[in-house]
Each structure stands twice: as structure tokens, then as C-alpha cells.
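One structure is given here, and the rest of the page talks about it.
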Amino acid sequence: MRFIADLHVHSHYSRATSPDMCPEGIWKWAQLKGIRVIGTGDVTHPEWIKELKTKLDPLGNGLFALKKKYWTDDIPGSCQAEVSFILSAEVSSIYSKNGRTRKVHSIILVPDFASAERLNSSLSKIGNLKSDGRPILGLDAKKLLQITLDASPEAMLIPAHAWTPHFSVLGAASGFDSLRECYEELTPHIHAIETGLSSDPLMNWRLSDLDAITLVSNSDAHSASKIGREANILDTDITYAAMMLAIKTRQGFLGTIEFFPEQGKYHYDGHRDCSVSLTPKETIRHNYLCPACGKKVTVGVMHRVEKLADREEGFKLAGAPSFASIIPLPEIIAEGLECGVNTKKVNALYLPMLERLGNEFRILLDVPLEDIDRASTPLIREAIARMRTGNVHIAPGYDGEFGKVKIFEEGERKRIISGKRL
Ligand SMILES: [Zn+2]
Ligand SMILES: [Zn+2]
């Protein structure tokens, strides 16, 4: 069965995370978005495990369901669907290796609470798991991989947002130049990396080193409405084992749903505080120094890929899973209505569109444009048509600043509204 999975989110026990990231909120928004399997996040946190044990029932296949008494009745009939949870966590490792400080985030997936508890009993000897849903440990990422495999042979560790400058396995500031440099003889146990918001498969295919690695995408959501902003499309039985096998072999791993990488907040280089955004070439011309303040710029994902790549831009890896690039529906609506994303005007159209057309992924990827037109406005229909063909302008993100989506040129809106499609 074809379905969408988002394996990396955070609970309300993580720092800067919304209270709606509770089992009920995650369950609700998974349905609004069209996600069949969603990570719990934060299973390293003892209080969160307690809450999950109270509110979830094991399905006997490595996945979990929200107990019926916690279901809410505020989900449009057009979106109501079964949701399964997969036990997931993220660990932040900060340590020194080969003479440099390394900061690497890892996603961990486990098939049952017993495995999570074995993992936690090992990790709690190293650091405090209660201080944050995403604990920070002085633990080598390779050692974390070993501890994960010791907790359960079915457990999987996936390097998180593998290219972000400050906290990732290949990041410019504190990562490595290859997976092997980080994981050494355990590298064969790394089956996948998370590409993160600022890179897409096209960028990753430029490294022959990653040819055998499955490129997964997840939301890393800290609030429920951000669930599924990136996700995976699988075609397998809906069980833990079948999903892990698909990630390992790519049999049944159809591909990913991605941000346009320019929209990610570390695509280009630059300095956010100085409003300086630089292409990799410009950074090199400025000798890696900010033209405004003279300090070293934050080197983004595009630059880092360029540096480690052994293939030209545009290379397509034969036989690799495909991907679709999307812009979240609230941003599309905001473009169509010429207003901010977090406004009443956007909210006033978002739910009614879902009620009429189905979940957000159906609207973005599948619903015929005529139906979108009838349920929204000609501008929103046109914006979705352009998104589907990749015909959008995005001012690239840099140094923590998200990229800015611009679908319409000046003057285009009037022509579209008056019925003259371009
Ligand atoms: Zn992270
Ligand atoms: Zn600066």
C-alpha cells in the first residue's frame, strides 16, 4: 500500500516546541496533512515515554495507535484516516574527534518500548535525558550507533538533516567530510541520511559516496502544523519491519516530498545579523569573510555539497527514488491572498479547502486544478499549478533565515484574476 511517513518530529518535552506536539495533536495534524505513519519524537525522554505508554496501544507490528478515548472530533470527514506512530528520537552529540569539535544530530527508530528503555538506560549513564526531549550528550556519534544497535538489532540510526552547517554529520562547521570518517567500521549500518530542508536528492546525487544511501526526508516539526513539511513515500505493508526493509533496500521506498531547497534556512552562505546572503562563489571571492562585519560567514548547504561533490550539477542517479518539491499549503494561500502566512485570512481558507478537497498532500500533489479553482481562488489554483511544475521563484535562505517564496511577478496577479492565464 502506498503511504506517506514522517519519521522525525519533536514532543512538547523538547525545547522551543509547541504544546500541541502531544499524541492527540500529532494524531490530528497527521490526518490533516495526509500522513499515515508519524514519528513520536523524543522517546529518550522518560516523561514522554510515560505519556506515550498511557495514550498509545501497540499494534503488534512495531507501530502504535492512539487509544480511542483520546481521539478528538475536530477533523474534517474528508481527512479522517488511520494514523500509526513509530517510536523515534533525536540525539545531539557534541564531542571531539581528530582534533576538532563535532556536533552531529541523529534520528533513532526503535520497534518497541523495551528497546527504547534499553537505549535510555545506556544513554542515561552518559548524560541527563530529562533536561530536553532532544538530549545533548558528550557522546561520539559512532558510539551512539553502537548503543542503538545494542538496544535492538531492529533499531535504526539515521544521521539527521545531514548537511546543516552546525549540527550534522556532513555539515561545514562541525561535521565530517564523509560518513566513513564519522562511523568508521560501523558505516555499513548507516542505510539512510536525512537530506534536511536545505538540500534535495538532486544535490545529494552529486556525491558518488552516497549512491548506496537512501535519502529520507522528514519535517523535524516543533509544532503540529509543520508536520509533514517534508516526508517519505513508501509502498510496503504498514509495519515497522517492512518500513525499515524499504529504507535499507529501497524496494518499496518510492521517494520523498521535499521543500524547494532554496526555501531551507541554510541553502546559501551569509550572515543573518548583517542581512548578507552570498552564493558559494561570492563567499570564496570574499575569502569566507562577511563584507559587512568582517567575521567568518556561515557556510551553507549548497556550498558544502559543492565542496564534497565529485559529480557536476544536474547529475541524475539512475534508478534512484524520485522526489516531488512542494510549498506548504498555508504559504501558497498566503501568496494567493497577498498576506502573511500566520494570518486569519490564511486560516479562514485553509480548513475549508481541506474540508472540500481532502488532506493537504492530496491538494498539493493530486487534486485536479479545476477542483482547486472551485474550492479556492484562481490565484491559488495557478500557484499550485506552478509549484507542481517547479515554476517558482525563491530568494534562497541563509544563516538561519528561511528562503522567501515568490510565485508571482508584479502585475501577474491582475492578469490571472481577470482570466487571462499565462
Ligand atoms: Zn536536529
Ligand atoms: Zn556579518
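If you're wondering about the labels, chains in the C-alpha cells are A, B, ... by order shown, residues count from 1 in each chain, ligands from 1 in order shown.
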Exercise. As a ChimeraX atom specification, which residues of stretch 3-149 of chain A does DSSP assign to strand (DSSP E)?
Worked result: /A:3-6,37-39,56-58,64-66,84-97,100-110,136-137
As a short mmCIF file (atom, residue, chain, number, x, y, z; two decimals) with C-alpha atoms, in the first residue's frame, please: every protein or nucleic acid residue near ligand 2 (cut-off 9 Å, counting only C-alpha atoms and all ligand atoms).
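Saved result, part14.cif, follows:
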```
data_model
loop_
_atom_site.label_atom_id
_atom_site.label_comp_id
_atom_site.auth_asym_id
_atom_site.auth_seq_id
_atom_site.Cartn_x
_atom_site.Cartn_y
_atom_site.Cartn_z
CA GLY A 270 25.99 34.51 4.72
CA HIS A 271 25.29 36.43 7.90
CA ARG A 272 21.74 36.77 9.13
CA ASP A 273 22.53 39.65 11.52
CA CYS A 274 24.17 41.60 8.70
CA SER A 275 21.46 40.69 6.11
CA VAL A 276 24.27 39.40 3.93
CA LEU A 289 34.52 36.81 5.41
CA CYS A 290 31.33 38.83 5.73
CA PRO A 291 31.58 42.03 3.64
CA ALA A 292 29.58 43.88 6.33
CA CYS A 293 31.23 42.85 9.63
CA GLY A 294 34.42 41.12 8.51
CA LYS A 295 33.76 37.93 10.51
CA LYS A 296 33.62 34.43 9.03
CA VAL A 297 30.31 33.73 7.28
#
```
For this session: Name the closest residue to A:Val43 among the candidates A:Ala324, A:Val91, A:Ile26, A:Ala65; distances are taken between atoms, counting only C-alpha atoms.
Result: A:Val91
Problem set entry | Residues within 7 Å of ligand 1, counting only C-alpha atoms and all ligand atoms, as a list in words | Glu90, Ser92, His105, Ala160, His161 and Phe167 of chain A
Store the residues of this selection in a file with C-alpha atoms, as an mmCIF file, in the first residue's frame.
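Output file part.cif follows:
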```cif
data_model
loop_
_atom_site.group_PDB
_atom_site.id
_atom_site.type_symbol
_atom_site.label_atom_id
_atom_site.label_comp_id
_atom_site.auth_asym_id
_atom_site.auth_seq_id
_atom_site.Cartn_x
_atom_site.Cartn_y
_atom_site.Cartn_z
ATOM 1 C CA GLU A 90 16.767 12.615 18.096
ATOM 2 C CA SER A 92 22.537 15.710 19.754
ATOM 3 C CA HIS A 105 22.330 15.055 15.302
ATOM 4 C CA ALA A 160 19.595 13.955 10.869
ATOM 5 C CA HIS A 161 19.478 16.931 8.453
ATOM 6 C CA PHE A 167 24.712 20.115 13.823
#
```
For this session: For A:Phe315, please output as a ChimeraX atom specification all residues within 8 Å (counting only C-alpha atoms; exclusion window: fewer than 4 positions along the same chain).
Result: /A:202,205-206,311
Write the residues of the preceding selection, restricted to N, CA, C and O atoms, as a PDB file, in the first residue's frame.
```
ATOM      1  N   LEU A 202      18.581  15.777  -5.721  1.00  0.00           N
ATOM      2  CA  LEU A 202      19.412  16.238  -6.841  1.00  0.00           C
ATOM      3  C   LEU A 202      20.791  16.701  -6.338  1.00  0.00           C
ATOM      4  O   LEU A 202      21.823  16.436  -6.960  1.00  0.00           O
ATOM      5  N   TRP A 205      22.803  13.542  -5.053  1.00  0.00           N
ATOM      6  CA  TRP A 205      23.279  12.620  -6.097  1.00  0.00           C
ATOM      7  C   TRP A 205      24.652  13.029  -6.618  1.00  0.00           C
ATOM      8  O   TRP A 205      25.318  12.264  -7.306  1.00  0.00           O
ATOM      9  N   ARG A 206      25.097  14.214  -6.325  1.00  0.00           N
ATOM     10  CA  ARG A 206      26.410  14.661  -6.817  1.00  0.00           C
ATOM     11  C   ARG A 206      27.576  14.008  -6.084  1.00  0.00           C
ATOM     12  O   ARG A 206      28.720  14.156  -6.483  1.00  0.00           O
ATOM     13  N   ARG A 311      30.622  14.982  -8.683  1.00  0.00           N
ATOM     14  CA  ARG A 311      29.888  14.998  -9.949  1.00  0.00           C
ATOM     15  C   ARG A 311      29.365  16.404 -10.215  1.00  0.00           C
ATOM     16  O   ARG A 311      29.172  17.178  -9.288  1.00  0.00           O
TER      17      ARG A 311
END
```
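Using only C-alpha atoms for every distance, the candidate list A:Ile327, A:Leu278, A:Met353, A:Leu365 yields A:Ile327 as the residue closest to A:Val392.
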Exercise. Counting only C-alpha atoms, which of A:His45, A:Arg118, A:Lys130, A:Lys97 gets nearest to A:Lys142?
Worked result: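 Selected residue with least distance to A:Lys142: A:Lys97.
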For this session: Kindly give the distance, in Å, that separates atom CA of A:Lys50 and atom CA of A:Ala231, rounded to a single decimal.
Result: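 According to the coordinates, atom CA of A:Lys50 and atom CA of A:Ala231 are separated by 26.8 Å.
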Neighbour list for A:Leu379 as a PDB file with N, CA and C atoms, in the first residue's frame, cut-off 8 Å, only C-alpha atoms, skip fewer than 6 positions in-chain:
```
ATOM      1  N   GLY A 336      -1.423  33.588  -2.686  1.00  0.00           N
ATOM      2  CA  GLY A 336      -2.629  33.855  -3.474  1.00  0.00           C
ATOM      3  C   GLY A 336      -3.424  35.028  -2.926  1.00  0.00           C
ATOM      4  N   LEU A 337      -3.414  35.170  -1.599  1.00  0.00           N
ATOM      5  CA  LEU A 337      -4.225  36.229  -0.979  1.00  0.00           C
ATOM      6  C   LEU A 337      -3.406  37.494  -0.711  1.00  0.00           C
ATOM      7  N   ARG A 413      -0.687  39.026 -11.094  1.00  0.00           N
ATOM      8  CA  ARG A 413      -1.909  38.681 -10.360  1.00  0.00           C
ATOM      9  C   ARG A 413      -3.160  39.184 -11.070  1.00  0.00           C
ATOM     10  N   ILE A 416      -4.107  37.174 -14.057  1.00  0.00           N
ATOM     11  CA  ILE A 416      -4.651  35.849 -13.734  1.00  0.00           C
ATOM     12  C   ILE A 416      -6.091  35.980 -13.235  1.00  0.00           C
ATOM     13  N   ILE A 417      -6.304  36.988 -12.347  1.00  0.00           N
ATOM     14  CA  ILE A 417      -7.649  37.161 -11.791  1.00  0.00           C
ATOM     15  C   ILE A 417      -8.652  37.474 -12.905  1.00  0.00           C
TER      16      ILE A 417
END
```
Problem set entry | Selection: 10 Å around A:Arg180, only C-alpha atoms, excl. self and same-chain fewer than 5 positions, as a list in words |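 Answer for this query is Lys142, Glu185, Leu186, Thr187, Pro188, Ile190 and Asp209 of chain A.
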Output N, CA, C and O atoms of each residue in that selection to a file, as a CSV table (one decimal), in the first residue's frame.
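That gives us part.csv:
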```csv
chain,number,residue,atom,x,y,z
A,142,LYS,N,29.5,7.7,16.5
A,142,LYS,CA,29.7,6.3,16.2
A,142,LYS,C,29.3,5.4,17.4
A,142,LYS,O,28.7,4.3,17.3
A,185,GLU,N,34.3,1.6,10.9
A,185,GLU,CA,33.9,0.2,10.5
A,185,GLU,C,32.4,0.0,10.7
A,185,GLU,O,31.8,-1.0,10.2
A,186,LEU,N,31.7,0.9,11.4
A,186,LEU,CA,30.2,0.7,11.6
A,186,LEU,C,29.4,1.4,10.4
A,186,LEU,O,28.2,1.3,10.4
A,187,THR,N,30.1,2.0,9.5
A,187,THR,CA,29.4,2.7,8.4
A,187,THR,C,28.4,1.8,7.6
A,187,THR,O,27.4,2.4,7.3
A,188,PRO,N,28.7,0.5,7.4
A,188,PRO,CA,27.6,-0.3,6.8
A,188,PRO,C,26.3,-0.3,7.5
A,188,PRO,O,25.3,-0.7,6.9
A,190,ILE,N,24.8,2.4,8.5
A,190,ILE,CA,24.1,3.6,8.1
A,190,ILE,C,23.5,3.3,6.7
A,190,ILE,O,24.2,3.2,5.7
A,209,ASP,N,29.7,8.9,-3.2
A,209,ASP,CA,29.9,8.3,-1.9
A,209,ASP,C,28.5,7.9,-1.3
A,209,ASP,O,28.4,7.0,-0.5
```
Exercise. Excluding same-chain residues fewer than 6 positions from A:Lys33, what lies within 8 Å of it counting only C-alpha atoms, as a list of chain:residue names?
Worked result: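 Returned residues: A:Ile227, A:Gly228, A:Asn359, A:Glu360, A:Phe361.
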For this session: Could you please write out, as a ChimeraX atom specification, every residue of stretch 49-212 of chain A that DSSP assigns to helix (DSSP H, G or I)?
Result: /A:49-55,68-70,113-123,141-151,179-189,201-204,208-210
Neighbours of A:Thr72 within 10 Å (only C-alpha atoms; same-chain residues fewer than 5 positions away dropped), as an mmCIF file with C-alpha atoms, in the first residue's frame?
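Generated file (selection_5.cif):
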```
data_model
loop_
_atom_site.group_PDB
_atom_site.id
_atom_site.type_symbol
_atom_site.label_atom_id
_atom_site.label_comp_id
_atom_site.auth_asym_id
_atom_site.auth_seq_id
_atom_site.Cartn_x
_atom_site.Cartn_y
_atom_site.Cartn_z
ATOM 1 C CA GLU A 24 -3.561 13.925 20.244
ATOM 2 C CA GLY A 25 -2.185 16.954 18.363
ATOM 3 C CA TRP A 27 -2.533 12.394 15.513
ATOM 4 C CA LYS A 28 -4.875 15.173 14.393
#
```
Problem set entry | Residue nearest A:Glu181 - candidates A:Val110, A:Lys404, A:Ala16, A:Arg102, atoms counted: only C-alpha atoms | A:Arg102
Problem set entry | Interatomic distance, atom CA of A:Asp112 to atom CA of A:Ala155 (Å, one decimal) |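 Distance reported for this atom pair: 9.3 Å.
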For this session: Name the closest residue to A:Phe323 among the candidates A:Ala385, A:Ile126, A:Ile257, A:Ala173; distances are taken between atoms, counting only C-alpha atoms.
Result: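 Ranking A:Ala385, A:Ile126, A:Ile257, A:Ala173 by distance to A:Phe323, first place goes to A:Ile257.
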Exercise. How many Å separate atom CA of A:Ser208 from atom CA of A:His303?
Worked result: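 We find that atom CA of A:Ser208 and atom CA of A:His303 lie 17.0 Å from each other.
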